[in-house]
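Raw target-v8.cif, mmCIF, C-alpha atoms:
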data_data
#
loop_
_atom_site.label_atom_id
_atom_site.label_comp_id
_atom_site.auth_asym_id
_atom_site.auth_seq_id
_atom_site.Cartn_x
_atom_site.Cartn_y
_atom_site.Cartn_z
CA MET A 78 -49.19 -5.92 -2.91
CA GLY A 79 -52.82 -4.94 -2.84
CA LYS A 80 -53.46 -5.82 -6.45
CA THR A 81 -56.12 -8.12 -7.83
CA ARG A 82 -55.16 -11.34 -9.61
CA ILE A 83 -57.65 -12.29 -12.32
CA THR A 84 -57.42 -15.57 -14.25
CA ALA A 85 -59.51 -16.64 -17.25
CA PRO A 86 -58.37 -20.17 -18.16
CA GLU A 87 -58.20 -21.03 -21.86
CA GLY A 88 -61.16 -23.12 -23.04
CA LEU A 89 -63.02 -23.23 -19.72
CA PRO A 90 -65.99 -20.95 -18.79
CA PHE A 91 -64.42 -19.70 -15.56
CA VAL A 92 -63.01 -16.50 -14.09
CA ASP A 93 -60.96 -16.72 -10.89
CA ILE A 94 -60.08 -13.69 -8.82
CA GLU A 95 -57.91 -13.24 -5.74
CA ARG A 96 -57.28 -10.13 -3.70
CA GLU A 97 -55.75 -9.51 -0.29
CA PHE A 98 -56.92 -6.86 2.15
CA ASP A 99 -55.28 -5.29 5.16
CA ALA A 100 -58.24 -6.10 7.40
CA PRO A 101 -59.65 -9.23 9.08
CA ALA A 102 -62.00 -11.47 7.11
CA ASP A 103 -65.00 -10.63 9.30
CA LEU A 104 -64.60 -6.92 8.55
CA VAL A 105 -64.40 -7.51 4.81
CA PHE A 106 -67.45 -9.75 5.09
CA LYS A 107 -69.35 -6.94 6.83
CA ALA A 108 -68.61 -4.72 3.82
CA TYR A 109 -70.27 -7.35 1.61
CA LEU A 110 -73.36 -7.74 3.79
CA GLU A 111 -74.46 -4.21 4.69
CA PRO A 112 -76.12 -2.15 1.95
CA GLU A 113 -74.77 1.13 3.39
CA LEU A 114 -71.24 -0.21 2.95
CA VAL A 115 -71.76 -2.08 -0.32
CA LYS A 116 -72.84 1.04 -2.12
CA GLN A 117 -69.59 2.74 -1.11
CA TRP A 118 -67.35 0.31 -2.98
CA LEU A 119 -69.20 -1.93 -5.45
CA GLY A 120 -68.06 -1.39 -9.03
CA PRO A 121 -66.14 1.18 -11.05
CA ARG A 122 -65.16 4.44 -9.40
CA GLN A 123 -66.70 6.71 -12.06
CA TYR A 124 -70.22 5.38 -11.43
CA GLU A 125 -72.67 6.00 -8.64
CA VAL A 126 -74.21 2.78 -7.28
CA ILE A 127 -77.97 2.87 -6.85
CA LEU A 128 -78.62 -0.13 -4.63
CA GLU A 129 -82.28 -0.87 -5.31
CA ARG A 130 -82.20 -4.10 -3.29
CA TRP A 131 -79.45 -5.87 -1.34
CA ASP A 132 -80.87 -8.64 0.82
CA ALA A 133 -77.64 -10.53 1.47
CA ARG A 134 -78.91 -13.75 3.07
CA ASP A 135 -79.63 -17.31 1.89
CA GLY A 136 -82.55 -16.97 -0.52
CA GLY A 137 -82.31 -13.19 -0.71
CA SER A 138 -81.88 -11.18 -3.88
CA TYR A 139 -80.26 -7.98 -5.11
CA ARG A 140 -80.53 -5.39 -7.83
CA TYR A 141 -78.33 -2.36 -8.43
CA VAL A 142 -77.69 0.20 -11.13
CA HIS A 143 -74.38 1.85 -12.00
CA THR A 144 -74.95 5.31 -13.40
CA ASP A 145 -72.82 8.27 -14.40
CA GLY A 146 -75.88 10.46 -14.99
CA THR A 147 -75.90 9.76 -18.73
CA ASN A 148 -75.56 5.99 -18.97
CA SER A 149 -77.00 3.39 -16.59
CA TYR A 150 -76.22 -0.31 -16.27
CA GLY A 151 -78.43 -2.61 -14.18
CA PHE A 152 -77.48 -5.90 -12.54
CA ARG A 153 -79.49 -8.41 -10.56
CA GLY A 154 -79.25 -11.83 -8.95
CA VAL A 155 -80.14 -14.10 -6.07
CA PHE A 156 -78.09 -15.19 -3.08
CA HIS A 157 -77.91 -18.98 -2.91
CA SER A 158 -75.88 -18.81 0.29
CA MET A 159 -74.21 -16.04 2.22
CA ALA A 160 -71.76 -17.50 4.71
CA ARG A 161 -68.29 -15.97 4.91
CA ASP A 162 -66.71 -19.18 3.61
CA SER A 163 -69.42 -19.77 0.99
CA MET A 164 -70.93 -16.68 -0.62
CA ILE A 165 -72.72 -18.02 -3.70
CA GLN A 166 -74.87 -15.82 -5.90
CA THR A 167 -76.17 -15.46 -9.45
CA PHE A 168 -75.29 -12.44 -11.60
CA GLU A 169 -77.06 -11.05 -14.67
CA PHE A 170 -76.47 -7.82 -16.59
CA ASP A 171 -79.64 -6.18 -17.95
CA GLY A 172 -77.84 -5.74 -21.27
CA ALA A 173 -77.41 -9.51 -21.73
CA PRO A 174 -80.66 -11.03 -20.47
CA GLY A 175 -80.59 -14.78 -19.91
CA HIS A 176 -76.79 -14.86 -19.74
CA VAL A 177 -76.31 -15.59 -16.06
CA SER A 178 -73.17 -16.49 -14.17
CA LEU A 179 -72.77 -18.10 -10.75
CA ASP A 180 -70.19 -16.50 -8.46
CA THR A 181 -68.66 -18.20 -5.43
CA GLN A 182 -66.65 -16.09 -3.01
CA VAL A 183 -64.72 -17.04 0.10
CA ILE A 184 -63.10 -14.64 2.55
CA GLU A 185 -60.29 -16.22 4.56
CA ASP A 186 -58.11 -14.85 7.33
CA LEU A 187 -54.39 -14.43 6.80
CA PRO A 188 -51.69 -13.83 9.44
CA GLY A 189 -51.26 -10.28 10.74
CA GLY A 190 -54.92 -9.25 10.65
CA ARG A 191 -55.04 -9.53 6.86
CA SER A 192 -57.46 -11.48 4.69
CA ARG A 193 -57.93 -12.83 1.18
CA VAL A 194 -61.02 -12.83 -1.04
CA LYS A 195 -61.14 -15.71 -3.52
CA SER A 196 -63.78 -15.69 -6.19
CA HIS A 197 -64.71 -18.37 -8.75
CA SER A 198 -67.26 -17.47 -11.43
CA ILE A 199 -68.80 -19.94 -13.85
CA PHE A 200 -70.53 -18.96 -17.08
CA MET A 201 -73.05 -20.65 -19.37
CA SER A 202 -70.45 -20.86 -22.14
CA VAL A 203 -66.84 -19.96 -22.83
CA ALA A 204 -68.21 -17.28 -25.21
CA ASP A 205 -70.21 -15.75 -22.32
CA ARG A 206 -67.07 -15.70 -20.20
CA ASP A 207 -65.03 -14.11 -22.99
CA ALA A 208 -67.70 -11.46 -23.56
CA MET A 209 -67.70 -10.56 -19.86
CA VAL A 210 -63.91 -10.27 -19.77
CA GLU A 211 -63.90 -8.17 -22.95
CA ALA A 212 -66.62 -5.90 -21.50
CA GLY A 213 -64.13 -4.87 -18.81
CA MET A 214 -65.06 -7.16 -15.92
CA GLY A 215 -61.48 -7.06 -14.70
CA ASP A 216 -61.29 -3.27 -14.51
CA GLY A 217 -64.63 -3.09 -12.69
CA VAL A 218 -63.56 -5.67 -10.13
CA GLU A 219 -60.13 -4.06 -9.61
CA ASP A 220 -61.70 -0.62 -9.19
CA GLY A 221 -64.26 -1.94 -6.72
CA PHE A 222 -61.63 -3.77 -4.67
CA ASN A 223 -59.45 -0.64 -4.59
CA ARG A 224 -62.40 1.32 -3.22
CA LEU A 225 -63.08 -1.44 -0.68
CA ASP A 226 -59.41 -1.24 0.33
CA GLU A 227 -59.84 2.47 0.99
CA LEU A 228 -63.09 1.97 2.92
CA LEU A 229 -61.89 -0.75 5.27
CA PRO A 230 -59.73 1.39 7.65
CA SER A 231 -62.80 3.47 8.57
CA LEU A 232 -64.60 0.26 9.64
CA GLN A 233 -61.85 -0.91 12.00
CA PRO A 234 -62.84 -0.84 15.68
CA VAL A 235 -61.12 2.07 17.47
CA GLY A 236 -57.77 0.95 18.84
CA ALA A 237 -57.54 -2.18 16.68
CA ALA A 238 -54.29 -2.99 14.93
CA GLY A 239 -54.27 -1.68 11.35
CA MET B 103 -89.46 -41.13 -29.21
CA GLY B 104 -90.15 -39.94 -25.73
CA LYS B 105 -86.66 -40.56 -24.48
CA THR B 106 -84.30 -38.12 -22.83
CA ARG B 107 -81.08 -37.05 -24.55
CA ILE B 108 -78.31 -36.26 -22.08
CA THR B 109 -74.94 -34.85 -23.18
CA ALA B 110 -71.85 -34.31 -21.02
CA PRO B 111 -69.22 -32.73 -23.28
CA GLU B 112 -65.61 -33.83 -22.76
CA GLY B 113 -63.54 -31.27 -20.85
CA LEU B 114 -66.34 -28.76 -20.23
CA PRO B 115 -68.35 -28.44 -16.97
CA PHE B 116 -71.74 -28.76 -18.68
CA VAL B 117 -74.64 -31.18 -18.87
CA ASP B 118 -77.23 -30.68 -21.62
CA ILE B 119 -80.58 -32.42 -21.63
CA GLU B 120 -83.42 -32.54 -24.15
CA ARG B 121 -86.78 -34.22 -23.89
CA GLU B 122 -89.98 -33.95 -25.89
CA PHE B 123 -93.45 -34.19 -24.40
CA ASP B 124 -96.83 -34.87 -25.97
CA ALA B 125 -98.35 -31.75 -24.43
CA PRO B 126 -98.16 -28.00 -25.09
CA ALA B 127 -95.33 -25.99 -23.50
CA ASP B 128 -97.67 -24.07 -21.21
CA LEU B 129 -98.98 -27.28 -19.69
CA VAL B 130 -95.47 -28.62 -19.08
CA PHE B 131 -94.56 -25.26 -17.54
CA LYS B 132 -97.54 -25.54 -15.19
CA ALA B 133 -96.14 -28.88 -13.99
CA TYR B 134 -92.89 -27.07 -13.10
CA LEU B 135 -94.59 -24.21 -11.27
CA GLU B 136 -97.23 -25.78 -9.02
CA PRO B 137 -95.98 -27.63 -5.93
CA GLU B 138 -98.90 -30.09 -6.02
CA LEU B 139 -97.79 -31.15 -9.50
CA VAL B 140 -94.02 -30.96 -8.96
CA LYS B 141 -94.15 -33.48 -6.14
CA GLN B 142 -95.87 -35.98 -8.44
CA TRP B 143 -92.99 -36.22 -10.89
CA LEU B 144 -89.72 -34.71 -9.61
CA GLY B 145 -86.95 -37.27 -9.34
CA PRO B 146 -86.54 -41.03 -9.28
CA ARG B 147 -89.64 -43.20 -9.12
CA GLN B 148 -88.59 -45.20 -6.07
CA TYR B 149 -88.46 -42.13 -3.82
CA GLU B 150 -91.18 -40.06 -2.26
CA VAL B 151 -90.68 -36.30 -2.75
CA ILE B 152 -91.13 -34.21 0.37
CA LEU B 153 -91.47 -30.71 -1.05
CA GLU B 154 -90.54 -28.55 1.95
CA ARG B 155 -90.54 -25.35 -0.12
CA TRP B 156 -91.23 -24.64 -3.79
CA ASP B 157 -91.65 -20.93 -4.42
CA ALA B 158 -91.18 -20.95 -8.19
CA ARG B 159 -90.86 -17.24 -8.99
CA ASP B 160 -87.99 -14.80 -9.62
CA GLY B 161 -86.18 -14.56 -6.30
CA GLY B 162 -87.99 -17.53 -4.77
CA SER B 163 -86.34 -20.63 -3.35
CA TYR B 164 -86.94 -24.35 -2.96
CA ARG B 165 -86.01 -27.30 -0.83
CA TYR B 166 -87.05 -30.91 -1.19
CA VAL B 167 -86.09 -34.31 0.16
CA HIS B 168 -86.17 -37.62 -1.69
CA THR B 169 -86.80 -40.46 0.73
CA ASP B 170 -87.48 -44.17 0.53
CA GLY B 171 -88.16 -44.41 4.26
CA THR B 172 -84.59 -45.55 5.02
CA ASN B 173 -82.43 -43.08 3.11
CA SER B 174 -83.11 -39.40 2.52
CA TYR B 175 -81.43 -36.97 0.14
CA GLY B 176 -82.03 -33.23 0.42
CA PHE B 177 -81.68 -30.60 -2.31
CA ARG B 178 -82.06 -26.85 -2.27
CA GLY B 179 -81.65 -23.79 -4.43
CA VAL B 180 -82.92 -20.38 -5.49
CA PHE B 181 -84.86 -19.34 -8.58
CA HIS B 182 -83.01 -16.60 -10.44
CA SER B 183 -85.82 -16.37 -13.02
CA MET B 184 -88.89 -18.43 -13.75
CA ALA B 185 -90.23 -17.53 -17.19
CA ARG B 186 -91.15 -20.40 -19.54
CA ASP B 187 -88.35 -19.45 -21.92
CA SER B 188 -85.84 -18.76 -19.14
CA MET B 189 -86.11 -20.93 -16.03
CA ILE B 190 -82.80 -20.38 -14.21
CA GLN B 191 -82.09 -21.82 -10.79
CA THR B 192 -79.29 -22.98 -8.53
CA PHE B 193 -79.02 -26.59 -7.33
CA GLU B 194 -77.17 -28.02 -4.34
CA PHE B 195 -77.21 -31.53 -2.87
CA ASP B 196 -76.97 -31.67 0.94
CA GLY B 197 -74.34 -34.39 0.54
CA ALA B 198 -71.96 -32.08 -1.36
CA PRO B 199 -72.28 -28.72 0.38
CA GLY B 200 -70.79 -25.78 -1.50
CA HIS B 201 -70.84 -27.63 -4.82
CA VAL B 202 -73.59 -25.72 -6.59
CA SER B 203 -74.70 -25.89 -10.21
CA LEU B 204 -76.76 -23.42 -12.22
CA ASP B 205 -79.52 -24.93 -14.36
CA THR B 206 -81.19 -23.14 -17.26
CA GLN B 207 -84.33 -24.66 -18.73
CA VAL B 208 -86.46 -23.60 -21.67
CA ILE B 209 -89.80 -25.12 -22.70
CA GLU B 210 -90.64 -24.55 -26.35
CA ASP B 211 -93.71 -25.46 -28.38
CA LEU B 212 -93.43 -27.97 -31.22
CA PRO B 213 -95.97 -28.66 -33.98
CA GLY B 214 -98.92 -30.90 -33.15
CA GLY B 215 -99.41 -29.76 -29.57
CA ARG B 216 -96.05 -31.16 -28.52
CA SER B 217 -93.20 -29.43 -26.70
CA ARG B 218 -89.52 -29.75 -25.90
CA VAL B 219 -87.66 -29.11 -22.64
CA LYS B 220 -84.04 -28.04 -23.12
CA SER B 221 -81.79 -27.86 -20.09
CA HIS B 222 -78.24 -26.56 -19.75
CA SER B 223 -76.45 -27.06 -16.43
CA ILE B 224 -73.12 -25.53 -15.54
CA PHE B 225 -70.89 -26.77 -12.72
CA MET B 226 -68.10 -25.23 -10.67
CA SER B 227 -65.58 -27.65 -12.19
CA VAL B 228 -65.44 -30.52 -14.67
CA ALA B 229 -64.84 -32.78 -11.65
CA ASP B 230 -68.11 -31.58 -10.09
CA ARG B 231 -69.92 -32.32 -13.35
CA ASP B 232 -68.36 -35.78 -13.59
CA ALA B 233 -69.29 -36.57 -9.98
CA MET B 234 -72.92 -35.59 -10.62
CA VAL B 235 -73.10 -37.76 -13.75
CA GLU B 236 -71.49 -40.69 -11.92
CA ALA B 237 -73.95 -40.27 -9.03
CA GLY B 238 -76.76 -41.14 -11.45
CA MET B 239 -78.01 -37.70 -12.48
CA GLY B 240 -79.07 -39.13 -15.84
CA ASP B 241 -81.23 -41.89 -14.38
CA GLY B 242 -82.89 -39.48 -11.97
CA VAL B 243 -83.71 -37.03 -14.75
CA GLU B 244 -84.97 -39.76 -17.10
CA ASP B 245 -87.13 -41.25 -14.38
CA GLY B 246 -88.58 -37.86 -13.47
CA PHE B 247 -89.33 -36.99 -17.09
CA ASN B 248 -91.03 -40.37 -17.60
CA ARG B 249 -93.24 -39.64 -14.60
CA LEU B 250 -93.97 -36.15 -15.95
CA ASP B 251 -94.91 -37.79 -19.29
CA GLU B 252 -97.43 -39.96 -17.45
CA LEU B 253 -98.81 -37.03 -15.45
CA LEU B 254 -99.40 -34.64 -18.37
CA PRO B 255 -102.53 -36.27 -19.91
CA SER B 256 -104.43 -35.77 -16.64
CA LEU B 257 -103.66 -32.02 -16.83
CA GLN B 258 -105.01 -31.55 -20.36
CA PRO B 259 -108.18 -29.46 -20.51
CA VAL B 260 -111.22 -31.69 -21.20
CA GLY B 261 -111.77 -32.01 -24.96
CA ALA B 262 -108.26 -30.81 -25.89
CA ALA B 263 -106.35 -32.71 -28.52
CA GLY B 264 -104.01 -35.28 -26.97
#
Entire entry expressed as structure tokens:
Amino acid sequence: MGKTRITAPEGLPFVDIEREFDAPADLVFKAYLEPELVKQWLGPRQYEVILERWDARDGGSYRYVHTDGTNSYGFRGVFHSMARDSMIQTFEFDGAPGHVSLDTQVIEDLPGGRSRVKSHSIFMSVADRDAMVEAGMGDGVEDGFNRLDELLPSLQPVGAAG
Amino acid sequence: MGKTRITAPEGLPFVDIEREFDAPADLVFKAYLEPELVKQWLGPRQYEVILERWDARDGGSYRYVHTDGTNSYGFRGVFHSMARDSMIQTFEFDGAPGHVSLDTQVIEDLPGGRSRVKSHSIFMSVADRDAMVEAGMGDGVEDGFNRLDELLPSLQPVGAAG
């Protein structure tokens, strides 16, 4: 319950992620769209998120920095599409310029006011995928989703079922 | 000489393309950047290119339609980066919504005023890659590059070596 499932298939440049949330899909989607919400959950817990740009619409772009005061890590990309059933964006880490992945995310409703995020990332090579996994991609995603999980109840309309 | 090499490796969601041109890399790059030039060579010869948007810069986007008067095929995407040694953009065909590829192109100088375009495309699945190849991706690319080949001499500065 509430854990993230991360799959990195042998020999293919993919990472697949699934996570369920105890909130409707539209509410989770809102937490992806609005900069004030995104910066409360995106990425590992020990870092502050400096959201330099988050223009979550078709043709928009983003840039953010994770910092713990000593070390900073920047990320940027463009939003190809930003519908709830087709969130498609590029992703590049400043530390690996030119190594870009394409992430597709879908948020679908489940019974009982719950929802599921499904993510499929493709990389330029299997080596790029392996490097990202070894750099701790899984921990960062899990941490971010746990924070999102904690944030969601505060976004529920008053009186809505939990 | 002058032909396009297209590789679709077994079991991996990639297409790799190489093509040499008898013009310097900067001139070929110019033909990728400027809408007035792009619409003279992009895609198969039998179609007119209607370039609805071509904002070739980091964070820009594009949309174009190939039409022969009877049939029309639309394509769109965003430019993640647009440097000569790192042109990275998404690509989606209207006829296969949600099936997006990420194309990386590099234009490098060769001796004798020549240059080489190297392209690496990644797809969401091997099936997506196979469908794109079967739809005639190779012919479209070859045709476009042949047209670009024909266009380049007219862009050479007067008095430059051919």
Name every residue that the PyMOL selection byres ((chain B) within 9 of (chain A)) selects in this structure, writing the answer as a PyMOL selection string with chains first and numbers rising.
-> chain B and resi 113-116+160-164+178-183+188+190-193+200+202-204+206+222-227
For Tyr109 of chain A, please output as a PyMOL selection string all residues within 9 Å (counting only C-alpha atoms; exclusion window: fewer than 6 positions along the same chain).
-> chain A and resi 115+119+133
Chain fit of chain B to chain A, all Cα atoms, as a short mmCIF file (atom, residue, chain, number, x, y, z; two decimals) with C-alpha atoms, in the coordinates of the input:
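out_1.cif, written as the output of this step:
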data_model
loop_
_atom_site.label_atom_id
_atom_site.label_comp_id
_atom_site.auth_asym_id
_atom_site.auth_seq_id
_atom_site.Cartn_x
_atom_site.Cartn_y
_atom_site.Cartn_z
CA MET B 103 -49.14 -6.04 -2.97
CA GLY B 104 -52.74 -5.01 -2.84
CA LYS B 105 -53.44 -5.84 -6.44
CA THR B 106 -56.10 -8.12 -7.83
CA ARG B 107 -55.16 -11.35 -9.61
CA ILE B 108 -57.65 -12.29 -12.32
CA THR B 109 -57.42 -15.57 -14.25
CA ALA B 110 -59.51 -16.63 -17.25
CA PRO B 111 -58.39 -20.16 -18.15
CA GLU B 112 -58.21 -21.03 -21.86
CA GLY B 113 -61.16 -23.13 -23.03
CA LEU B 114 -63.03 -23.21 -19.71
CA PRO B 115 -66.00 -20.95 -18.78
CA PHE B 116 -64.41 -19.69 -15.56
CA VAL B 117 -63.01 -16.49 -14.10
CA ASP B 118 -60.96 -16.71 -10.90
CA ILE B 119 -60.07 -13.69 -8.82
CA GLU B 120 -57.89 -13.23 -5.74
CA ARG B 121 -57.27 -10.13 -3.70
CA GLU B 122 -55.74 -9.53 -0.29
CA PHE B 123 -56.92 -6.87 2.14
CA ASP B 124 -55.26 -5.29 5.16
CA ALA B 125 -58.23 -6.09 7.39
CA PRO B 126 -59.63 -9.21 9.08
CA ALA B 127 -62.01 -11.45 7.11
CA ASP B 128 -64.99 -10.61 9.30
CA LEU B 129 -64.61 -6.91 8.57
CA VAL B 130 -64.39 -7.51 4.81
CA PHE B 131 -67.46 -9.75 5.09
CA LYS B 132 -69.34 -6.95 6.84
CA ALA B 133 -68.60 -4.72 3.83
CA TYR B 134 -70.27 -7.35 1.61
CA LEU B 135 -73.35 -7.73 3.81
CA GLU B 136 -74.47 -4.21 4.72
CA PRO B 137 -76.11 -2.16 1.96
CA GLU B 138 -74.78 1.13 3.39
CA LEU B 139 -71.25 -0.22 2.96
CA VAL B 140 -71.77 -2.10 -0.32
CA LYS B 141 -72.85 1.05 -2.12
CA GLN B 142 -69.60 2.75 -1.11
CA TRP B 143 -67.35 0.33 -2.98
CA LEU B 144 -69.20 -1.92 -5.45
CA GLY B 145 -68.06 -1.39 -9.02
CA PRO B 146 -66.13 1.16 -11.05
CA ARG B 147 -65.16 4.43 -9.42
CA GLN B 148 -66.70 6.68 -12.06
CA TYR B 149 -70.22 5.38 -11.45
CA GLU B 150 -72.67 5.99 -8.66
CA VAL B 151 -74.22 2.77 -7.28
CA ILE B 152 -77.97 2.87 -6.86
CA LEU B 153 -78.60 -0.13 -4.62
CA GLU B 154 -82.28 -0.86 -5.30
CA ARG B 155 -82.20 -4.10 -3.30
CA TRP B 156 -79.45 -5.88 -1.36
CA ASP B 157 -80.87 -8.64 0.82
CA ALA B 158 -77.64 -10.53 1.47
CA ARG B 159 -78.90 -13.75 3.07
CA ASP B 160 -79.62 -17.31 1.88
CA GLY B 161 -82.55 -16.97 -0.49
CA GLY B 162 -82.31 -13.19 -0.70
CA SER B 163 -81.88 -11.17 -3.87
CA TYR B 164 -80.27 -7.98 -5.12
CA ARG B 165 -80.52 -5.38 -7.82
CA TYR B 166 -78.33 -2.36 -8.43
CA VAL B 167 -77.69 0.20 -11.13
CA HIS B 168 -74.38 1.83 -12.00
CA THR B 169 -74.96 5.30 -13.41
CA ASP B 170 -72.85 8.27 -14.41
CA GLY B 171 -75.90 10.45 -15.00
CA THR B 172 -75.92 9.74 -18.76
CA ASN B 173 -75.56 5.96 -18.96
CA SER B 174 -77.00 3.38 -16.59
CA TYR B 175 -76.23 -0.32 -16.27
CA GLY B 176 -78.44 -2.60 -14.18
CA PHE B 177 -77.49 -5.90 -12.54
CA ARG B 178 -79.49 -8.42 -10.57
CA GLY B 179 -79.25 -11.81 -8.96
CA VAL B 180 -80.15 -14.09 -6.07
CA PHE B 181 -78.09 -15.20 -3.08
CA HIS B 182 -77.92 -18.98 -2.92
CA SER B 183 -75.88 -18.81 0.31
CA MET B 184 -74.21 -16.03 2.21
CA ALA B 185 -71.76 -17.50 4.73
CA ARG B 186 -68.27 -15.96 4.90
CA ASP B 187 -66.71 -19.18 3.62
CA SER B 188 -69.41 -19.77 1.00
CA MET B 189 -70.93 -16.67 -0.61
CA ILE B 190 -72.73 -18.01 -3.70
CA GLN B 191 -74.88 -15.82 -5.91
CA THR B 192 -76.16 -15.45 -9.45
CA PHE B 193 -75.29 -12.44 -11.61
CA GLU B 194 -77.06 -11.05 -14.67
CA PHE B 195 -76.48 -7.82 -16.60
CA ASP B 196 -79.64 -6.16 -17.95
CA GLY B 197 -77.85 -5.74 -21.27
CA ALA B 198 -77.42 -9.51 -21.74
CA PRO B 199 -80.66 -11.02 -20.47
CA GLY B 200 -80.59 -14.77 -19.91
CA HIS B 201 -76.79 -14.87 -19.74
CA VAL B 202 -76.32 -15.59 -16.06
CA SER B 203 -73.16 -16.49 -14.16
CA LEU B 204 -72.76 -18.09 -10.75
CA ASP B 205 -70.18 -16.49 -8.46
CA THR B 206 -68.67 -18.19 -5.43
CA GLN B 207 -66.65 -16.09 -3.01
CA VAL B 208 -64.73 -17.04 0.10
CA ILE B 209 -63.09 -14.63 2.56
CA GLU B 210 -60.29 -16.22 4.56
CA ASP B 211 -58.11 -14.84 7.35
CA LEU B 212 -54.38 -14.42 6.80
CA PRO B 213 -51.69 -13.80 9.44
CA GLY B 214 -51.26 -10.26 10.72
CA GLY B 215 -54.91 -9.25 10.63
CA ARG B 216 -55.03 -9.53 6.86
CA SER B 217 -57.46 -11.48 4.68
CA ARG B 218 -57.93 -12.83 1.18
CA VAL B 219 -61.02 -12.83 -1.04
CA LYS B 220 -61.14 -15.72 -3.51
CA SER B 221 -63.79 -15.69 -6.21
CA HIS B 222 -64.72 -18.35 -8.75
CA SER B 223 -67.27 -17.46 -11.43
CA ILE B 224 -68.79 -19.93 -13.84
CA PHE B 225 -70.52 -18.95 -17.09
CA MET B 226 -73.04 -20.63 -19.36
CA SER B 227 -70.45 -20.87 -22.14
CA VAL B 228 -66.84 -19.95 -22.83
CA ALA B 229 -68.22 -17.29 -25.20
CA ASP B 230 -70.21 -15.75 -22.32
CA ARG B 231 -67.06 -15.70 -20.19
CA ASP B 232 -65.03 -14.11 -22.98
CA ALA B 233 -67.70 -11.45 -23.56
CA MET B 234 -67.70 -10.54 -19.85
CA VAL B 235 -63.90 -10.25 -19.77
CA GLU B 236 -63.91 -8.16 -22.96
CA ALA B 237 -66.61 -5.90 -21.50
CA GLY B 238 -64.13 -4.86 -18.81
CA MET B 239 -65.07 -7.16 -15.93
CA GLY B 240 -61.47 -7.05 -14.71
CA ASP B 241 -61.28 -3.26 -14.50
CA GLY B 242 -64.62 -3.08 -12.71
CA VAL B 243 -63.54 -5.66 -10.14
CA GLU B 244 -60.13 -4.05 -9.61
CA ASP B 245 -61.68 -0.63 -9.20
CA GLY B 246 -64.25 -1.93 -6.72
CA PHE B 247 -61.63 -3.77 -4.68
CA ASN B 248 -59.44 -0.64 -4.58
CA ARG B 249 -62.40 1.31 -3.23
CA LEU B 250 -63.09 -1.44 -0.68
CA ASP B 251 -59.40 -1.23 0.34
CA GLU B 252 -59.85 2.49 1.00
CA LEU B 253 -63.11 1.96 2.91
CA LEU B 254 -61.88 -0.76 5.29
CA PRO B 255 -59.75 1.39 7.67
CA SER B 256 -62.81 3.47 8.59
CA LEU B 257 -64.61 0.26 9.64
CA GLN B 258 -61.87 -0.94 12.00
CA PRO B 259 -62.87 -0.86 15.66
CA VAL B 260 -61.14 2.05 17.46
CA GLY B 261 -57.78 0.92 18.85
CA ALA B 262 -57.58 -2.21 16.66
CA ALA B 263 -54.33 -2.99 14.94
CA GLY B 264 -54.27 -1.67 11.37
#
Give me the result of the PyMOL selection byres ((chain A and resi 98-105) around 12) on this file, residue by residue, as a VMD selection string.
-> chain A and resid 78 to 81 95 to 97 106 to 111 114 to 115 118 160 to 162 182 to 195 222 to 234 237 to 239
Segment 108-127 of chain B, all listed atoms, 6 Å padding on each side: what axis-aligned box centre and edge lengths in Å to one decimal come out, as AutoDock Vina command-line options?
--center_x -80.9 --center_y -31.1 --center_z -21.5 --size_x 46.8 --size_y 22.3 --size_z 21.0
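Atom to atom, atom CA of Gln142 of chain B and atom CA of Ala237 of chain B stand 22.3 Å apart.
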Quick one: apply the PyMOL selection byres ((chain A and resi 150) around 12) to the file and drop the selected residues here as number ranges by chain.
-> A: 120-121, 124-128, 140-149, 151-153, 169-173
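With distances taken over all atoms listed in the file, B:Ile119 is the one residue among B:Gly238, B:Trp156, B:Ser221, B:Ile119 lying closest to Arg107 of chain B.
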Working from the structure I just supplied, which lacks atoms in segment 230-235 of chain A, can you model N, CA, C and O atoms there and output them as an mmCIF file, keeping the file's coordinate frame?
data_model
loop_
_atom_site.group_PDB
_atom_site.id
_atom_site.type_symbol
_atom_site.label_atom_id
_atom_site.label_comp_id
_atom_site.auth_asym_id
_atom_site.auth_seq_id
_atom_site.Cartn_x
_atom_site.Cartn_y
_atom_site.Cartn_z
ATOM 1 N N PRO A 230 -60.290 0.793 6.423
ATOM 2 C CA PRO A 230 -59.730 1.390 7.650
ATOM 3 C C PRO A 230 -60.791 2.106 8.494
ATOM 4 O O PRO A 230 -60.751 2.073 9.722
ATOM 5 N N SER A 231 -61.769 2.727 7.826
ATOM 6 C CA SER A 231 -62.800 3.470 8.570
ATOM 7 C C SER A 231 -63.746 2.538 9.313
ATOM 8 O O SER A 231 -64.504 2.974 10.184
ATOM 9 N N LEU A 232 -63.717 1.235 8.968
ATOM 10 C CA LEU A 232 -64.600 0.260 9.640
ATOM 11 C C LEU A 232 -63.917 -0.445 10.795
ATOM 12 O O LEU A 232 -64.553 -1.173 11.545
ATOM 13 N N GLN A 233 -62.599 -0.252 10.919
ATOM 14 C CA GLN A 233 -61.850 -0.910 12.000
ATOM 15 C C GLN A 233 -62.323 -0.382 13.351
ATOM 16 O O GLN A 233 -62.499 0.826 13.519
ATOM 17 N N PRO A 234 -62.519 -1.292 14.326
ATOM 18 C CA PRO A 234 -62.840 -0.840 15.680
ATOM 19 C C PRO A 234 -61.738 0.097 16.179
ATOM 20 O O PRO A 234 -60.556 -0.120 15.880
ATOM 21 N N VAL A 235 -62.100 1.127 16.934
ATOM 22 C CA VAL A 235 -61.120 2.070 17.470
ATOM 23 C C VAL A 235 -60.095 1.313 18.319
ATOM 24 O O VAL A 235 -60.455 0.483 19.150
#
